[in-house]
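S.K.: As input, take query_16.tsv (TSV, C-alpha atoms and all ligand atoms):
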```tsv
chain	number	residue	atom	x	y	z
A	1	MET	CA	-49.78	37.67	31.23
A	2	SER	CA	-50.42	37.97	34.96
A	3	LEU	CA	-53.68	39.53	36.14
A	4	LEU	CA	-51.61	41.79	38.38
A	5	LEU	CA	-49.92	43.45	35.44
A	6	SER	CA	-52.91	43.51	33.13
A	7	PRO	CA	-54.77	46.76	32.53
A	8	LEU	CA	-57.96	47.71	34.34
A	9	THR	CA	-60.58	50.11	33.04
A	10	LEU	CA	-62.85	52.09	35.33
A	11	ARG	CA	-65.23	54.42	33.44
A	12	GLY	CA	-63.08	56.06	30.74
A	13	THR	CA	-59.74	55.48	32.41
A	14	THR	CA	-57.51	52.50	31.70
A	15	PHE	CA	-54.81	51.88	34.30
A	16	ARG	CA	-51.72	50.12	33.00
A	17	ASN	CA	-51.86	47.53	35.76
A	18	ARG	CA	-53.51	46.58	39.05
A	19	VAL	CA	-50.68	47.40	41.44
A	20	TRP	CA	-51.44	50.76	42.99
A	21	LEU	CA	-49.53	52.89	45.43
A	22	ALA	CA	-51.43	53.21	48.72
A	23	PRO	CA	-51.82	56.70	50.18
A	24	MET	CA	-49.08	57.41	52.71
A	25	CYS	CA	-48.68	60.57	54.77
A	26	GLN	CA	-45.18	61.94	54.43
A	27	TYR	CA	-45.51	64.72	57.04
A	28	SER	CA	-43.19	66.72	54.85
A	29	ALA	CA	-45.23	69.60	53.45
A	30	ALA	CA	-43.88	73.12	53.34
A	31	ASP	CA	-45.82	75.74	55.28
A	32	ASP	CA	-49.47	75.98	54.38
A	33	GLY	CA	-49.91	72.46	53.03
A	34	LEU	CA	-47.65	72.82	50.00
A	35	PRO	CA	-46.25	69.64	48.43
A	36	THR	CA	-42.50	69.83	47.90
A	37	ASP	CA	-39.64	68.12	46.11
A	38	TRP	CA	-40.06	65.37	48.71
A	39	HIS	CA	-43.48	64.54	47.28
A	40	LEU	CA	-42.18	64.70	43.73
A	41	ALA	CA	-39.48	62.20	44.68
A	42	HIS	CA	-41.78	59.94	46.73
A	43	LEU	CA	-44.59	59.77	44.18
A	44	GLY	CA	-42.36	60.14	41.12
A	45	ALA	CA	-40.17	57.20	42.15
A	46	ARG	CA	-43.22	54.93	42.33
A	47	ALA	CA	-44.44	56.11	38.91
A	48	VAL	CA	-41.01	55.29	37.51
A	49	GLY	CA	-41.15	51.98	39.39
A	50	GLY	CA	-44.22	50.85	37.47
A	51	PHE	CA	-47.24	51.44	39.72
A	52	GLY	CA	-50.49	51.78	37.76
A	53	LEU	CA	-52.09	54.43	39.96
A	54	VAL	CA	-49.99	56.64	42.18
A	55	LEU	CA	-52.14	57.92	45.03
A	56	THR	CA	-51.07	60.84	47.16
A	57	GLU	CA	-51.24	60.82	50.91
A	58	ALA	CA	-54.28	62.30	52.64
A	59	ALA	CA	-54.55	65.84	51.25
A	60	ALA	CA	-56.64	68.13	53.42
A	61	VAL	CA	-59.61	69.82	51.81
A	62	VAL	CA	-59.45	72.65	54.37
A	63	PRO	CA	-56.55	73.72	56.63
A	64	GLU	CA	-58.26	72.50	59.80
A	65	GLY	CA	-58.69	69.08	58.16
A	66	ARG	CA	-54.96	68.33	58.30
A	67	ILE	CA	-53.85	65.49	60.57
A	68	SER	CA	-50.64	67.35	61.37
A	69	PRO	CA	-49.33	70.82	60.55
A	70	GLN	CA	-46.94	69.11	58.08
A	71	ASP	CA	-49.75	67.57	55.97
A	72	VAL	CA	-50.31	68.51	52.36
A	73	GLY	CA	-53.50	70.19	51.23
A	74	ILE	CA	-55.56	71.11	48.22
A	75	TRP	CA	-57.43	74.17	49.48
A	76	ASN	CA	-55.65	76.95	47.54
A	77	ASP	CA	-54.27	77.80	44.11
A	78	GLU	CA	-50.64	77.78	45.18
A	79	GLN	CA	-51.08	74.11	46.09
A	80	VAL	CA	-52.67	73.47	42.68
A	81	THR	CA	-49.54	74.79	40.96
A	82	ALA	CA	-47.26	72.71	43.19
A	83	TRP	CA	-49.27	69.51	42.58
A	84	ARG	CA	-49.30	70.17	38.81
A	85	ARG	CA	-45.55	69.61	38.56
A	86	ILE	CA	-45.99	66.24	40.28
A	87	THR	CA	-48.96	65.02	38.23
A	88	ASP	CA	-47.17	66.04	35.01
A	89	PHE	CA	-44.22	63.91	36.02
A	90	ILE	CA	-46.38	60.92	36.93
A	91	ARG	CA	-48.30	61.13	33.63
A	92	ALA	CA	-45.12	61.32	31.60
A	93	ARG	CA	-44.08	58.03	33.22
A	94	GLY	CA	-47.27	56.33	31.99
A	95	ALA	CA	-48.93	56.10	35.39
A	96	HIS	CA	-52.16	57.70	36.51
A	97	SER	CA	-52.24	60.06	39.45
A	98	GLY	CA	-54.84	60.13	42.20
A	99	ILE	CA	-55.34	62.39	45.17
A	100	GLN	CA	-56.79	61.23	48.46
A	101	LEU	CA	-59.12	63.99	49.68
A	102	ALA	CA	-59.31	64.08	53.44
A	103	HIS	CA	-60.64	65.80	56.51
A	104	ALA	CA	-59.18	64.51	59.76
A	105	GLY	CA	-62.07	65.67	61.97
A	106	ARG	CA	-61.35	64.98	65.64
A	107	LYS	CA	-57.97	63.44	64.73
A	108	ALA	CA	-56.72	66.74	63.28
A	109	SER	CA	-54.02	68.98	64.75
A	110	THR	CA	-51.80	66.19	66.06
A	111	TYR	CA	-48.04	65.94	66.12
A	112	ARG	CA	-46.47	63.99	63.30
A	113	PRO	CA	-45.26	60.57	64.46
A	114	PHE	CA	-41.60	61.56	64.59
A	115	GLY	CA	-40.19	64.64	66.22
A	116	GLU	CA	-41.85	67.38	68.11
A	117	GLY	CA	-44.32	65.80	70.52
A	118	ARG	CA	-47.22	63.41	71.00
A	119	GLY	CA	-50.99	63.76	70.80
A	120	SER	CA	-52.72	67.03	69.98
A	121	VAL	CA	-50.75	70.11	68.99
A	122	PRO	CA	-51.87	73.00	71.21
A	123	THR	CA	-52.78	76.31	69.63
A	124	THR	CA	-49.70	77.77	71.28
A	125	ASP	CA	-47.55	75.46	69.14
A	126	GLY	CA	-49.22	75.99	65.77
A	127	GLY	CA	-52.24	73.72	66.35
A	128	TRP	CA	-55.94	74.45	66.04
A	129	THR	CA	-59.24	73.20	67.47
A	130	ALA	CA	-60.32	69.99	65.78
A	131	VAL	CA	-63.96	69.23	64.92
A	132	GLY	CA	-66.03	66.05	65.15
A	133	PRO	CA	-69.53	64.63	65.04
A	134	THR	CA	-69.63	65.07	68.83
A	135	GLY	CA	-67.39	66.64	71.44
A	136	ASP	CA	-65.93	63.22	72.33
A	137	ALA	CA	-62.18	62.98	71.88
A	138	PHE	CA	-60.15	60.22	70.30
A	139	PRO	CA	-58.26	58.63	73.23
A	140	GLY	CA	-55.30	60.81	74.16
A	141	TYR	CA	-56.30	63.74	71.96
A	142	ALA	CA	-57.92	67.09	72.82
A	143	ALA	CA	-61.72	67.27	72.75
A	144	PRO	CA	-63.05	68.52	69.40
A	145	HIS	CA	-65.69	71.12	68.70
A	146	GLU	CA	-69.01	69.38	67.93
A	147	LEU	CA	-69.99	70.32	64.40
A	148	THR	CA	-73.23	72.27	64.06
A	149	GLU	CA	-75.76	71.40	61.39
A	150	ALA	CA	-74.60	74.36	59.27
A	151	GLU	CA	-70.97	73.26	59.58
A	152	ILE	CA	-71.87	69.71	58.55
A	153	LEU	CA	-73.74	71.03	55.53
A	154	ALA	CA	-70.56	72.83	54.42
A	155	VAL	CA	-68.42	69.66	54.31
A	156	PRO	CA	-69.57	68.24	50.92
A	157	GLY	CA	-68.86	71.62	49.31
A	158	GLN	CA	-65.36	71.60	50.76
A	159	PHE	CA	-64.69	68.23	49.12
A	160	ALA	CA	-66.24	69.48	45.86
A	161	ASP	CA	-64.02	72.60	45.84
A	162	ALA	CA	-61.01	70.40	46.51
A	163	THR	CA	-62.04	68.18	43.58
A	164	ARG	CA	-62.16	71.21	41.25
A	165	ARG	CA	-58.66	72.10	42.34
A	166	ALA	CA	-57.50	68.49	41.98
A	167	LEU	CA	-58.71	68.51	38.37
A	168	ALA	CA	-56.92	71.80	37.75
A	169	ALA	CA	-53.81	70.22	39.25
A	170	GLY	CA	-54.00	67.41	36.68
A	171	PHE	CA	-55.12	64.50	38.85
A	172	ASP	CA	-56.87	61.67	36.99
A	173	VAL	CA	-58.56	60.12	40.00
A	174	VAL	CA	-60.05	61.27	43.30
A	175	GLU	CA	-60.25	59.06	46.38
A	176	VAL	CA	-62.48	60.22	49.23
A	177	HIS	CA	-60.92	59.23	52.56
A	178	ALA	CA	-63.64	57.71	54.73
A	179	ALA	CA	-61.35	55.41	56.73
A	180	HIS	CA	-58.91	55.30	59.65
A	181	GLY	CA	-61.01	57.28	62.10
A	182	TYR	CA	-61.03	60.54	60.13
A	183	LEU	CA	-64.09	62.75	59.78
A	184	LEU	CA	-66.25	60.68	57.41
A	185	HIS	CA	-65.44	57.46	59.29
A	186	GLN	CA	-66.20	59.26	62.57
A	187	PHE	CA	-69.68	59.93	61.20
A	188	LEU	CA	-70.11	56.37	59.87
A	189	SER	CA	-69.19	54.57	63.07
A	190	PRO	CA	-71.64	54.24	65.98
A	191	LEU	CA	-68.64	54.35	68.32
A	192	SER	CA	-67.90	58.00	67.44
A	193	ASN	CA	-71.25	59.22	66.13
A	194	THR	CA	-73.91	59.36	68.84
A	195	ARG	CA	-75.78	62.25	67.25
A	196	THR	CA	-79.54	62.02	67.39
A	197	ASP	CA	-80.25	64.31	64.41
A	198	ARG	CA	-80.39	63.26	60.75
A	199	TRP	CA	-76.56	62.89	60.66
A	200	GLY	CA	-76.61	60.11	63.25
A	201	GLY	CA	-78.74	57.22	64.43
A	202	ASP	CA	-78.97	54.19	62.17
A	203	LEU	CA	-76.46	53.26	59.45
A	204	ALA	CA	-78.34	55.31	56.85
A	205	GLY	CA	-78.19	58.41	59.06
A	206	ARG	CA	-74.52	57.90	59.85
A	207	ALA	CA	-73.72	57.36	56.16
A	208	GLN	CA	-75.57	60.52	55.09
A	209	LEU	CA	-72.54	62.82	55.24
A	210	LEU	CA	-70.41	60.36	53.25
A	211	LEU	CA	-73.11	59.98	50.58
A	212	ASP	CA	-73.67	63.76	50.36
A	213	THR	CA	-69.92	64.21	50.01
A	214	VAL	CA	-69.72	61.56	47.29
A	215	ASP	CA	-72.61	63.24	45.44
A	216	ALA	CA	-70.87	66.63	45.62
A	217	VAL	CA	-67.58	65.20	44.34
A	218	ARG	CA	-69.23	63.12	41.60
A	219	ALA	CA	-71.12	66.20	40.38
A	220	VAL	CA	-67.81	67.97	39.76
A	221	LEU	CA	-65.91	65.05	38.22
A	222	PRO	CA	-66.09	64.50	34.47
A	223	GLU	CA	-68.11	61.41	33.53
A	224	GLN	CA	-65.00	59.48	32.46
A	225	ASP	CA	-63.10	60.02	35.73
A	226	PRO	CA	-63.25	57.23	38.31
A	227	LEU	CA	-64.15	57.98	41.91
A	228	LEU	CA	-62.73	55.86	44.71
A	229	VAL	CA	-63.66	55.75	48.39
A	230	ARG	CA	-61.42	54.33	51.11
A	231	VAL	CA	-63.30	52.76	53.99
A	232	SER	CA	-62.43	51.06	57.23
A	233	ALA	CA	-64.58	47.98	56.85
A	234	THR	CA	-64.54	47.18	60.56
A	235	ASP	CA	-63.76	48.97	63.81
A	236	TRP	CA	-62.51	45.63	65.21
A	237	THR	CA	-64.62	46.44	68.31
A	238	ASP	CA	-67.96	45.17	69.59
A	239	GLY	CA	-70.67	47.69	68.81
A	240	GLY	CA	-68.61	49.26	66.01
A	241	LEU	CA	-68.78	49.07	62.22
A	242	THR	CA	-68.78	45.54	60.79
A	243	GLY	CA	-68.03	44.01	57.44
A	244	ASP	CA	-71.79	43.60	56.90
A	245	ASP	CA	-72.37	47.32	57.55
A	246	THR	CA	-69.62	48.14	55.10
A	247	ALA	CA	-71.09	45.84	52.45
A	248	THR	CA	-74.37	47.75	52.79
A	249	VAL	CA	-72.57	51.09	52.52
A	250	ALA	CA	-70.66	49.81	49.47
A	251	GLY	CA	-73.98	49.15	47.75
A	252	TRP	CA	-75.05	52.72	48.45
A	253	LEU	CA	-71.70	54.08	47.24
A	254	ARG	CA	-72.16	52.21	43.99
A	255	GLU	CA	-75.62	53.73	43.51
A	256	HIS	CA	-74.06	57.15	44.11
A	257	GLY	CA	-71.48	56.77	41.33
A	258	VAL	CA	-68.46	55.40	43.17
A	259	ASP	CA	-66.38	53.06	41.00
A	260	LEU	CA	-64.09	51.29	43.46
A	261	VAL	CA	-63.98	50.87	47.22
A	262	ASP	CA	-60.49	50.73	48.70
A	263	VAL	CA	-60.93	48.48	51.71
A	264	SER	CA	-58.88	49.11	54.82
A	265	THR	CA	-59.88	48.70	58.48
A	266	GLY	CA	-59.58	50.26	61.92
A	267	GLY	CA	-58.32	53.58	63.21
A	268	ASN	CA	-61.44	55.02	64.82
A	269	VAL	CA	-60.88	53.62	68.30
A	270	LEU	CA	-58.06	51.78	70.00
A	271	ALA	CA	-58.52	48.08	69.17
A	272	ASP	CA	-56.61	44.84	68.96
A	273	ILE	CA	-56.20	44.16	65.26
A	274	PRO	CA	-55.24	40.63	64.19
A	275	VAL	CA	-52.56	41.79	61.80
A	276	GLY	CA	-51.07	39.21	59.45
A	277	PRO	CA	-50.50	38.59	55.75
A	278	GLY	CA	-53.52	39.79	53.77
A	279	TYR	CA	-55.56	40.29	56.95
A	280	GLN	CA	-57.92	42.80	55.33
A	281	VAL	CA	-58.46	40.87	52.09
A	282	PRO	CA	-61.66	39.10	53.28
A	283	PHE	CA	-63.27	42.50	53.78
A	284	ALA	CA	-62.40	43.50	50.22
A	285	ARG	CA	-64.01	40.25	49.09
A	286	GLN	CA	-67.18	41.04	51.00
A	287	VAL	CA	-67.37	44.48	49.38
A	288	ARG	CA	-66.63	43.08	45.92
A	289	ASP	CA	-69.36	40.49	46.31
A	290	THR	CA	-71.89	43.36	46.42
A	291	GLY	CA	-71.03	44.13	42.79
A	292	ILE	CA	-68.61	47.04	43.06
A	293	ALA	CA	-64.90	46.92	42.27
A	294	ALA	CA	-62.72	46.58	45.35
A	295	GLY	CA	-59.12	47.27	46.28
A	296	ALA	CA	-57.29	45.09	48.82
A	297	VAL	CA	-54.57	46.54	51.03
A	298	GLY	CA	-52.59	45.56	54.06
A	299	MET	CA	-49.62	43.20	54.32
A	300	ILE	CA	-49.73	42.16	50.72
A	301	THR	CA	-46.04	41.82	50.18
A	302	THR	CA	-45.13	39.30	47.47
A	303	PRO	CA	-46.07	39.25	43.79
A	304	HIS	CA	-47.48	35.71	44.01
A	305	GLN	CA	-49.60	36.66	47.02
A	306	ALA	CA	-50.89	39.74	45.18
A	307	GLU	CA	-51.64	37.74	42.03
A	308	LYS	CA	-53.60	35.21	44.08
A	309	VAL	CA	-55.73	37.94	45.66
A	310	LEU	CA	-56.77	38.95	42.15
A	311	THR	CA	-57.13	35.54	40.53
A	312	GLY	CA	-59.08	34.30	43.56
A	313	GLY	CA	-61.64	37.03	42.95
A	314	ASP	CA	-61.02	38.77	46.28
A	315	ALA	CA	-60.24	42.16	44.73
A	316	ASP	CA	-59.77	44.01	41.44
A	317	VAL	CA	-56.58	45.81	42.46
A	318	VAL	CA	-54.03	45.61	45.24
A	319	LEU	CA	-52.63	48.66	46.96
A	320	LEU	CA	-49.19	48.58	48.51
A	321	GLY	CA	-48.00	50.82	51.29
A	322	ARG	CA	-44.86	49.78	53.13
A	323	PRO	CA	-43.71	47.31	50.46
A	324	ALA	CA	-43.61	50.28	48.10
A	325	LEU	CA	-41.43	52.17	50.56
A	326	PHE	CA	-39.03	49.25	50.75
A	327	ASP	CA	-39.03	48.82	46.98
A	328	PRO	CA	-40.24	51.74	44.85
A	329	SER	CA	-39.97	49.50	41.78
A	330	TRP	CA	-42.04	46.65	43.26
A	331	PRO	CA	-44.14	46.24	40.06
A	332	LEU	CA	-41.00	45.82	37.95
A	333	ARG	CA	-39.77	43.15	40.32
A	334	ALA	CA	-43.20	41.53	40.27
A	335	ALA	CA	-43.08	41.27	36.49
A	336	ARG	CA	-39.81	39.41	36.73
A	337	GLU	CA	-40.93	37.12	39.52
A	338	LEU	CA	-44.20	36.29	37.78
A	339	GLY	CA	-42.35	35.68	34.52
A	340	ASP	CA	-44.49	38.34	32.88
A	341	ASP	CA	-43.11	40.04	29.76
A	342	THR	CA	-45.80	42.71	29.75
A	343	PRO	CA	-44.22	46.14	29.49
A	344	VAL	CA	-44.79	47.53	32.96
A	345	LEU	CA	-43.69	50.98	32.02
A	346	ALA	CA	-45.27	52.92	29.22
A	347	HIS	CA	-44.62	56.51	28.40
A	348	GLU	CA	-47.56	58.56	27.28
A	349	PRO	CA	-47.24	58.89	23.50
A	350	GLY	CA	-46.23	62.41	22.61
A	351	SER	CA	-45.28	63.34	26.14
A	352	PRO	CA	-42.13	65.45	26.28
A	353	ASP	CA	-40.32	62.56	27.89
A	354	ALA	CA	-41.36	59.99	25.31
A	355	ARG	CA	-38.51	61.05	23.07
A	356	ILE	CA	-36.01	60.05	25.73
A	357	VAL	CA	-36.88	56.41	25.24
A	358	GLU	CA	-37.23	56.52	21.47
A	359	GLY	CA	-35.95	53.30	19.99
A	360	GLN	CA	-36.02	51.62	23.36
A	361	PRO	CA	-38.85	49.18	23.99
A	362	THR	CA	-41.21	50.58	26.60
A	363	GLY	CA	-40.85	48.83	29.85
A	364	TRP	CA	-37.43	47.56	29.00
A	365	VAL	CA	-35.66	46.39	32.11
A	366	PRO	CA	-32.52	44.32	32.12
A	367	GLN	CA	-33.65	40.78	32.92
A	368	TYR	CA	-31.32	38.45	34.72
A	369	GLY	CA	-30.29	35.69	32.39
A	370	ARG	CA	-32.23	37.09	29.47
A	371	GLY	CA	-29.59	38.99	27.61
A	372	SER	CA	-26.64	41.23	27.96
A	373	TRP	CA	-26.45	44.35	30.06
A	374	GLY	CA	-25.01	46.28	27.07
B	1	LIG	C1	-46.17	56.02	56.55
B	1	LIG	C2	-47.61	55.68	56.30
B	1	LIG	C3	-48.52	56.70	56.07
B	1	LIG	C4	-49.87	56.39	55.79
B	1	LIG	N1	-50.74	57.41	55.45
B	1	LIG	C5	-51.97	57.11	54.99
B	1	LIG	C6	-52.82	58.11	54.45
B	1	LIG	O1	-52.44	59.27	54.29
B	1	LIG	N2	-54.07	57.73	54.04
B	1	LIG	C7	-54.50	56.43	54.16
B	1	LIG	O2	-55.64	56.14	53.80
B	1	LIG	N3	-53.70	55.46	54.64
B	1	LIG	C8	-52.46	55.76	55.03
B	1	LIG	N4	-51.61	54.76	55.44
B	1	LIG	C9	-52.07	53.35	55.37
B	1	LIG	C10	-51.62	52.71	54.05
B	1	LIG	O3	-52.27	53.32	52.94
B	1	LIG	C11	-51.93	51.20	54.03
B	1	LIG	O4	-53.33	51.03	54.10
B	1	LIG	C12	-51.28	50.46	55.20
B	1	LIG	O5	-49.92	50.86	55.32
B	1	LIG	C13	-51.37	48.95	55.03
B	1	LIG	O6	-50.75	48.55	53.84
B	1	LIG	P1	-49.24	47.93	53.79
B	1	LIG	O7	-49.23	46.71	54.69
B	1	LIG	O8	-49.04	47.62	52.34
B	1	LIG	O9	-48.31	48.99	54.30
B	1	LIG	C14	-50.29	55.05	55.76
B	1	LIG	C15	-49.36	54.03	56.05
B	1	LIG	C16	-48.04	54.33	56.28
B	1	LIG	C17	-47.04	53.19	56.49
```
Give the structure from the file, written as structure tokens.

M.R.:
Amino acid sequence: MSLLLSPLTLRGTTFRNRVWLAPMCQYSAADDGLPTDWHLAHLGARAVGGFGLVLTEAAAVVPEGRISPQDVGIWNDEQVTAWRRITDFIRARGAHSGIQLAHAGRKASTYRPFGEGRGSVPTTDGGWTAVGPTGDAFPGYAAPHELTEAEILAVPGQFADATRRALAAGFDVVEVHAAHGYLLHQFLSPLSNTRTDRWGGDLAGRAQLLLDTVDAVRAVLPEQDPLLVRVSATDWTDGGLTGDDTATVAGWLREHGVDLVDVSTGGNVLADIPVGPGYQVPFARQVRDTGIAAGAVGMITTPHQAEKVLTGGDADVVLLGRPALFDPSWPLRAARELGDDTPVLAHEPGSPDARIVEGQPTGWVPQYGRGSWG
């Protein structure tokens, strides 16, 4: 059996394999942050395709935390009902579902990448005033409102409320988004956080909001539910966050009850990023070496490459973004390419859909040269 397709247990949750769907904004929500049939198809196809954990795109914990007006959210009960249909579908396919909880901070209220415009959406076009650790703007975007102490203190509660709703919506896993230049990363990085109060200063001060948020989320999650945090391990810029900083933060996250750090990079400032196959894997390794489970992401495209990341001890799971868009059934293909007979698909016993496959081996896929198509 390959390591890639072998189960992984975090707390009380056993994932069927170690190929996870990376969070990917679809910019396709209905009004007011509601997930739609688009999200059912996008996430459902990857559950059918064999991914172990199917993570949603960044879901805003409050309306003003959306990156674009077309982002999904998890701040009201109508959204809970809409997500429920999607998590039910994912579970019935034998995958676990996770929601990425997000607040875009100073990168909120921007146009989606295709269509209506570029940069910040003005209030006259359905936008709103973004917020940040300071009034400094992300290059090309409108200046945010600098959060007051009282407003900062409210953030962990917003993530905790969103977690309660995520549980009601049937999600198995929560991932706190602290990467890609969004609010929690803005606080972590010295390039965007020049506050001189207890929310800024040294790494411990800049990490305070993230750790308070993690504490608030962990307090709501049942003991058996894993908590993930996505970080940008480096700002790829002199004077910014480094892999060493992130390793220190990973140690703190572990002490605060985080189970896996999903290791990405960049996004907080404009930087030259040396993109190439597996370019972020060394940062996952550095995090993992601190004693917490790590996820590797970024240009991991082939099954053999993914398997090597795991067998080499660089990460515990791999997350796929664009390769999963090109091939929603990437894990099924991986099983074939790795010569792995492990059933990739498993239906939850007793789920309404289990009867559909009665008498059919779980995970059965026609294998080239291994039998008839009958
Ligand atoms: C269309 C698209 C949307 C994305 N949206 C998110 C997001 O909502 N949250 C996030 O953390 N990363 C997001 N990402 C980054 C991916 O999760 C992933 O880290 C990145 O694409 C690199 O992995 P890949 O080379 O496998 O695509 C997005 C990427 C793409 C291509």

S.K.: For the point (-70.7, 52.3, 44.4) in file coordinates, what residues are within 10 Å, counting all atoms listed in the file? Give the answer as a short mmCIF file (atom, residue, chain, number, x, y, z; two decimals) with C-alpha atoms, in the coordinates of the input?

M.R.:
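Produced file selection20.cif, reproduced below:
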```
data_model
loop_
_atom_site.label_atom_id
_atom_site.label_comp_id
_atom_site.auth_asym_id
_atom_site.auth_seq_id
_atom_site.Cartn_x
_atom_site.Cartn_y
_atom_site.Cartn_z
CA VAL A 214 -69.72 61.56 47.29
CA LEU A 227 -64.15 57.98 41.91
CA LEU A 228 -62.73 55.86 44.71
CA VAL A 229 -63.66 55.75 48.39
CA VAL A 249 -72.57 51.09 52.52
CA ALA A 250 -70.66 49.81 49.47
CA GLY A 251 -73.98 49.15 47.75
CA TRP A 252 -75.05 52.72 48.45
CA LEU A 253 -71.70 54.08 47.24
CA ARG A 254 -72.16 52.21 43.99
CA GLU A 255 -75.62 53.73 43.51
CA HIS A 256 -74.06 57.15 44.11
CA GLY A 257 -71.48 56.77 41.33
CA VAL A 258 -68.46 55.40 43.17
CA ASP A 259 -66.38 53.06 41.00
CA LEU A 260 -64.09 51.29 43.46
CA VAL A 261 -63.98 50.87 47.22
CA VAL A 287 -67.37 44.48 49.38
CA THR A 290 -71.89 43.36 46.42
CA GLY A 291 -71.03 44.13 42.79
CA ILE A 292 -68.61 47.04 43.06
CA ALA A 293 -64.90 46.92 42.27
CA ALA A 294 -62.72 46.58 45.35
#
```

S.K.: For segment 182-190 of chain A, find every residue with an atom within 8 Å (counting only C-alpha atoms), except residues of its own chain fewer than 2 positions away, and show them as a PyMOL selection string.

M.R.: chain A and resi 102-107+132-133+177-180+192-194+199-201+203+206-207+209-210+231-232+235+239-241+268

S.K.: Would you export the selected residues with C-alpha atoms as a PDB file, in the coordinates of the input, please?

M.R.:
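The resulting file, again-v2.pdb, is shown below:
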```pdb
ATOM      1  CA  ALA A 102     -59.310  64.080  53.440  1.00  0.00           C
ATOM      2  CA  HIS A 103     -60.640  65.800  56.510  1.00  0.00           C
ATOM      3  CA  ALA A 104     -59.180  64.510  59.760  1.00  0.00           C
ATOM      4  CA  GLY A 105     -62.070  65.670  61.970  1.00  0.00           C
ATOM      5  CA  ARG A 106     -61.350  64.980  65.640  1.00  0.00           C
ATOM      6  CA  LYS A 107     -57.970  63.440  64.730  1.00  0.00           C
ATOM      7  CA  GLY A 132     -66.030  66.050  65.150  1.00  0.00           C
ATOM      8  CA  PRO A 133     -69.530  64.630  65.040  1.00  0.00           C
ATOM      9  CA  HIS A 177     -60.920  59.230  52.560  1.00  0.00           C
ATOM     10  CA  ALA A 178     -63.640  57.710  54.730  1.00  0.00           C
ATOM     11  CA  ALA A 179     -61.350  55.410  56.730  1.00  0.00           C
ATOM     12  CA  HIS A 180     -58.910  55.300  59.650  1.00  0.00           C
ATOM     13  CA  SER A 192     -67.900  58.000  67.440  1.00  0.00           C
ATOM     14  CA  ASN A 193     -71.250  59.220  66.130  1.00  0.00           C
ATOM     15  CA  THR A 194     -73.910  59.360  68.840  1.00  0.00           C
ATOM     16  CA  TRP A 199     -76.560  62.890  60.660  1.00  0.00           C
ATOM     17  CA  GLY A 200     -76.610  60.110  63.250  1.00  0.00           C
ATOM     18  CA  GLY A 201     -78.740  57.220  64.430  1.00  0.00           C
ATOM     19  CA  LEU A 203     -76.460  53.260  59.450  1.00  0.00           C
ATOM     20  CA  ARG A 206     -74.520  57.900  59.850  1.00  0.00           C
ATOM     21  CA  ALA A 207     -73.720  57.360  56.160  1.00  0.00           C
ATOM     22  CA  LEU A 209     -72.540  62.820  55.240  1.00  0.00           C
ATOM     23  CA  LEU A 210     -70.410  60.360  53.250  1.00  0.00           C
ATOM     24  CA  VAL A 231     -63.300  52.760  53.990  1.00  0.00           C
ATOM     25  CA  SER A 232     -62.430  51.060  57.230  1.00  0.00           C
ATOM     26  CA  ASP A 235     -63.760  48.970  63.810  1.00  0.00           C
ATOM     27  CA  GLY A 239     -70.670  47.690  68.810  1.00  0.00           C
ATOM     28  CA  GLY A 240     -68.610  49.260  66.010  1.00  0.00           C
ATOM     29  CA  LEU A 241     -68.780  49.070  62.220  1.00  0.00           C
ATOM     30  CA  ASN A 268     -61.440  55.020  64.820  1.00  0.00           C
TER      31      ASN A 268
END
```

S.K.: Pick out the residues sitting within 12 Å of Pro113 of chain A, and hand them over as number ranges by chain; count only C-alpha atoms, and ignore anything fewer than 3 positions along from it in its own chain.

M.R.: A: 25-28, 67-71, 110, 116-121

S.K.: Between atom CA of Ile74 of chain A and atom CA of Ala60 of chain A, what is the distance, to one decimal in Å?

M.R.: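 One can read the atom CA of Ile74 of chain A to atom CA of Ala60 of chain A distance as 6.1 Å.
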
S.K.: Could you list, with a cut-off of 7 Å and counting all atoms listed in the file, the residues of chain A near ligand LIG 1 (chain B), each shown with its nearest atom pair and the distance in Å rounded to one decimal, rows sorted by chain and ascending number, as CSV?

M.R.:
```
residue,atom,partner,partner_atom,distance
A:Ala22,CA,B:LIG1,O3,4.3
A:Pro23,CA,B:LIG1,O3,4.4
A:Met24,CA,B:LIG1,N1,3.2
A:Cys25,CA,B:LIG1,N1,3.8
A:Gln26,CA,B:LIG1,C1,6.4
A:Glu57,CA,B:LIG1,O1,3.9
A:Ala58,CA,B:LIG1,O1,3.9
A:His177,CA,B:LIG1,O2,6.2
A:Ala179,CA,B:LIG1,O2,6.5
A:His180,CA,B:LIG1,O2,6.8
A:Arg230,CA,B:LIG1,O2,6.6
A:Ser264,CA,B:LIG1,O4,5.9
A:Val297,CA,B:LIG1,O6,5.2
A:Gly298,CA,B:LIG1,O6,3.5
A:Met299,CA,B:LIG1,O7,3.6
A:Ile300,CA,B:LIG1,O8,5.7
A:Thr301,CA,B:LIG1,O8,6.9
A:Leu319,CA,B:LIG1,O8,6.6
A:Leu320,CA,B:LIG1,O8,4.0
A:Gly321,CA,B:LIG1,O8,3.5
A:Arg322,CA,B:LIG1,O9,3.7
A:Pro323,CA,B:LIG1,O8,5.7
```

S.K.: If you measure from atom CA of Trp75 of chain A to atom CA of Ala162 of chain A, what distance in Å do you get, rounded to one decimal?

M.R.: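 If I compute the distance from atom CA of Trp75 of chain A to atom CA of Ala162 of chain A, I get 6.0 Å.
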
S.K.: For Ala247 of chain A, which residue among A:Asp289, A:Asp316, A:Asp215, A:Glu223 is the nearest when counting all atoms listed in the file?

M.R.: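 Smallest distance to Ala247 of chain A is found for A:Asp289.
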